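Data block below; observations after.
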Amino acid sequence: MARKFFVGGNWKMNGNKNEINNIVNFLKAGPLDANVEVVVGVPSIYLTYTKSILPNNISISAQNAYKVEKGAFTGEISPAMLLDNGIPWVILGHSERRNVFGETDTLIAEKVAHALAAGIKVIACIGEKLEEREAGKTEEVIFLQIKAIADKIKSWDNVVLAYEPVWAIGTGKTATPQQAQEVHNKLRQWFSKNVSPAVSESLRIIYGGSVTADNAKDLAKESDIDGFLVGGASLNSGFVTIINAKQ
Ligand code: 13P
């Protein structure tokens with residue numbers, strides 16, 4: 001079964017209505033490869049505004065959601081609230097949530113499990129830090145990150161896995177196609193052994209970390225890279241070139 005190429009734009013804490021209008025305009029102008037699933041990850045306060053102006057060939061994602069439906073959790077939003085507003089996706093486990101806000105593997109796994117149970121699709125992010133890579137611990141770290149999630153969920157059908165090496169995020173230091181492919185392949189082998197060959201075959205594993213209009217085409221050629229999660233470069237019209245990288 002062919003895995004549909006998936007390109008997410010993670011706006012992080014960027015954008016205002018004017019800038020969002022501009023992004024939506026270049027996405028509308030495209031043209032976008034119809035064989036690619038495109039999702040934009042939007043700050044929570046702009047989710048409904050963005051959804052109201054997005055063309056229907058592009059989907060929308062929150063950037064975080066808590067692990068329960070409701071309650072005394074000041075500042076949080078829940079998957080139920082996303083559903084209530086027609087938001088089908090959430091990004092969970094992003095390195096900035098892990099490393100700036102101290103989210104643990106366990107909390108992230110709980111959030112992923114709750115979001116899926118509530119009916120929200122998840123872009124689950126994993127990735128090693130520079131010192132972990134240099135210490136030869138990349139596999140150990142990312143396998144622990146996915147095991148935490150795998151132990152808590154029943155199905156990977158509504159998950160896209162984003163491999164985002166922390167040293168490549170926002171640094172302009174993209175992983176080479178070979179470096180990314182090597183890790184994606186290792187992840188696929190892990191899934192085959194620890195979840196099932198079917199999940200290993202069908203799960204989309206996307207790459208994130210300084211993806212640009214210039215490097216996307218070479219990364220997209222690798223057999224285990226099923227798309228991208230794009231930060232900075234999703235805010236300007238070069239994002240259209242990234243979406244079309246597989247053409
Ligand atoms: P950059 O593309 O800005 O490096 O960010 C990657 C990322 O964190 C996407 O989630």
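Chains: A, B, ... in order of the structure tokens. Residues: from 1 per chain. Ligands: from 1, in order shown.
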
Please, which residues have at least one atom within 6 Å of an atom of ligand 1, using only C-alpha atoms and all ligand atoms, listed as an MDAnalysis selection string?
-> chainID A and resid 10 169:170 208:211 229:233

Those same residues - N, CA, C and O atoms - I'd like them written as a tab-separated table (two decimals), in the first residue's frame.
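Just written: again09.tsv:
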chain	number	residue	atom	x	y	z
A	10	ASN	N	4.28	23.76	10.43
A	10	ASN	CA	4.13	24.08	11.85
A	10	ASN	C	4.47	25.55	12.02
A	10	ASN	O	5.64	25.93	11.99
A	169	ILE	N	16.48	21.59	14.05
A	169	ILE	CA	15.29	22.45	14.11
A	169	ILE	C	15.69	23.91	14.27
A	169	ILE	O	16.34	24.29	15.24
A	170	GLY	N	15.32	24.70	13.27
A	170	GLY	CA	15.55	26.15	13.34
A	170	GLY	C	17.01	26.54	13.28
A	170	GLY	O	17.37	27.67	13.59
A	208	GLY	N	11.45	16.44	9.84
A	208	GLY	CA	11.40	17.87	10.13
A	208	GLY	C	12.74	18.35	10.65
A	208	GLY	O	13.46	17.63	11.35
A	209	GLY	N	13.08	19.59	10.30
A	209	GLY	CA	14.35	20.18	10.74
A	209	GLY	C	14.99	20.91	9.59
A	209	GLY	O	15.66	20.29	8.77
A	210	SER	N	14.76	22.24	9.52
A	210	SER	CA	15.36	23.08	8.48
A	210	SER	C	15.08	22.57	7.06
A	210	SER	O	15.94	22.63	6.18
A	211	VAL	N	13.86	22.08	6.84
A	211	VAL	CA	13.45	21.75	5.46
A	211	VAL	C	13.17	23.07	4.74
A	211	VAL	O	12.53	23.97	5.29
A	229	LEU	N	7.65	17.89	8.15
A	229	LEU	CA	7.04	18.86	9.06
A	229	LEU	C	7.94	20.09	9.01
A	229	LEU	O	9.13	20.01	9.36
A	230	VAL	N	7.37	21.19	8.55
A	230	VAL	CA	8.17	22.36	8.19
A	230	VAL	C	7.85	23.51	9.14
A	230	VAL	O	6.68	23.85	9.32
A	231	GLY	N	8.88	24.09	9.73
A	231	GLY	CA	8.68	25.25	10.60
A	231	GLY	C	8.78	26.53	9.80
A	231	GLY	O	7.87	26.91	9.06
A	232	GLY	N	9.92	27.21	9.94
A	232	GLY	CA	10.11	28.53	9.35
A	232	GLY	C	9.69	28.64	7.89
A	232	GLY	O	9.03	29.61	7.49
A	233	ALA	N	10.06	27.64	7.09
A	233	ALA	CA	9.79	27.72	5.65
A	233	ALA	C	8.32	27.48	5.30
A	233	ALA	O	7.95	27.56	4.13

Output as an MDAnalysis selection string all residues of stretch 4-176 of chain A that backbone DSSP marks as helix (DSSP H, G or I).
-> chainID A and resid 17:29 44:53 79:84 95:99 105:118 130:134 138:150 166:168

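When only C-alpha atoms are used to compute distances to A:Ile242, the closest of the residues A:Lys217, A:Lys173, A:Lys186, A:Lys12 turns out to be A:Lys217.
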
Counting only C-alpha atoms, the residue of A:Val195, A:Ile146, A:Ala162, A:Ile45 that sits nearest A:Ile91 | A:Ala162

Long-range neighbours of stretch 133-138 of chain A as JSON, numbers by chain, 9 Å cut-off, only C-alpha atoms, 6 positions minimum in chain = {"A": [127, 165, 167, 183]}

What lies within 8 Å of A:Ser95 using only C-alpha atoms, ignoring chain neighbours under 6 positions off, as a list in words?
-> Cys125, Ile126, Gly127, Glu164 and Val166 of chain A

Would you mind exporting N, CA and C atoms of the selected residues as a PDB file, in the first residue's frame?
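As a result, selection_2.pdb now contains:
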ATOM      1  N   CYS A 125       5.782  13.762  17.422  1.00  0.00           N
ATOM      2  CA  CYS A 125       7.162  14.146  17.095  1.00  0.00           C
ATOM      3  C   CYS A 125       8.164  13.493  18.042  1.00  0.00           C
ATOM      4  N   ILE A 126       9.263  13.084  17.465  1.00  0.00           N
ATOM      5  CA  ILE A 126      10.372  12.513  18.235  1.00  0.00           C
ATOM      6  C   ILE A 126      11.681  13.054  17.650  1.00  0.00           C
ATOM      7  N   GLY A 127      12.757  12.886  18.404  1.00  0.00           N
ATOM      8  CA  GLY A 127      14.043  13.306  17.848  1.00  0.00           C
ATOM      9  C   GLY A 127      15.084  13.445  18.945  1.00  0.00           C
ATOM     10  N   GLU A 164      12.198  14.538  14.014  1.00  0.00           N
ATOM     11  CA  GLU A 164      12.773  15.882  13.968  1.00  0.00           C
ATOM     12  C   GLU A 164      13.995  15.933  14.877  1.00  0.00           C
ATOM     13  N   VAL A 166      16.661  17.339  17.017  1.00  0.00           N
ATOM     14  CA  VAL A 166      16.594  18.657  17.658  1.00  0.00           C
ATOM     15  C   VAL A 166      17.671  19.589  17.100  1.00  0.00           C
TER      16      VAL A 166
END

Tell me which protein, DNA and RNA residues are within 9 Å of A:Lys67, counting only C-alpha atoms, leaving out same-chain ones fewer than 2 positions away, and put them as a PyMOL selection string.
-> chain A and resi 65+69+78-79+107-108+110-115

Keeping only C-alpha atoms, write those residues as a tab-separated table (two decimals), in the first residue's frame.
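Printed below is part-v9.tsv as written:
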chain	number	residue	atom	x	y	z
A	65	ALA	CA	-3.69	19.53	23.56
A	69	GLU	CA	-11.39	16.20	28.21
A	78	SER	CA	-8.50	19.56	25.06
A	79	PRO	CA	-9.01	17.26	22.08
A	107	LEU	CA	3.06	12.88	29.41
A	108	ILE	CA	3.36	12.98	25.64
A	110	GLU	CA	-0.73	10.07	27.59
A	111	LYS	CA	-1.65	13.03	25.40
A	112	VAL	CA	-1.32	10.97	22.22
A	113	ALA	CA	-3.48	8.18	23.67
A	114	HIS	CA	-6.17	10.58	24.83
A	115	ALA	CA	-6.26	12.54	21.55

Near A:Asp224, counting only C-alpha atoms, which residues have an atom at most 8 Å away, once you skip same-chain residues fewer than 6 positions from it, shown as a PyMOL selection string?
-> chain A and resi 181+184-185+205

Which of these residues is nearest to A:Lys28, using only C-alpha atoms: A:Val240, A:Ile120, A:Val7, A:Leu235?
->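 Among A:Val240, A:Ile120, A:Val7, A:Leu235, it is A:Val240 that comes nearest to A:Lys28.
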
Atom pair atom CA of A:Phe101 + atom CA of A:Ile60, distance 23.1 Å

Can you list, as a PyMOL selection string, every protein, DNA or RNA residue that comes within 9 Å of A:Asn215 when you count only C-alpha atoms, leaving out same-chain residues fewer than 3 positions away?
-> chain A and resi 174+176-177+210-212+218-220+242

Point out the residue among A:Leu144, A:Lys221, A:Val68, A:Ser192 with the least atom-to-atom distance to A:Thr106, counting only C-alpha atoms.
-> A:Leu144

Could you tell me how far atom CA of A:Gln247 lies from atom CA of A:Gln63, in Å and to one decimal?
->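 Answer for the atom CA of A:Gln247 to atom CA of A:Gln63 separation: 28.1 Å.
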
What are the DSSP strand (DSSP E or B) residues of stretch 5-240 of chain A, as a PyMOL selection string?
-> chain A and resi 5-10+36-41+58-62+89-92+121-126+159-163+204-208+227-230

Atom CA of A:Gly172 to atom CA of A:Leu130 measures 13.9 Å

Nearest residue to A:Arg3 from the set A:Leu187, A:Ala150, A:Val160, A:Ala245 (distances using only C-alpha atoms) | A:Val160

From the list A:Met81, A:Ala148, A:Leu32, A:Val159, which residue is nearest A:Lys246 when using only C-alpha atoms?
-> A:Leu32
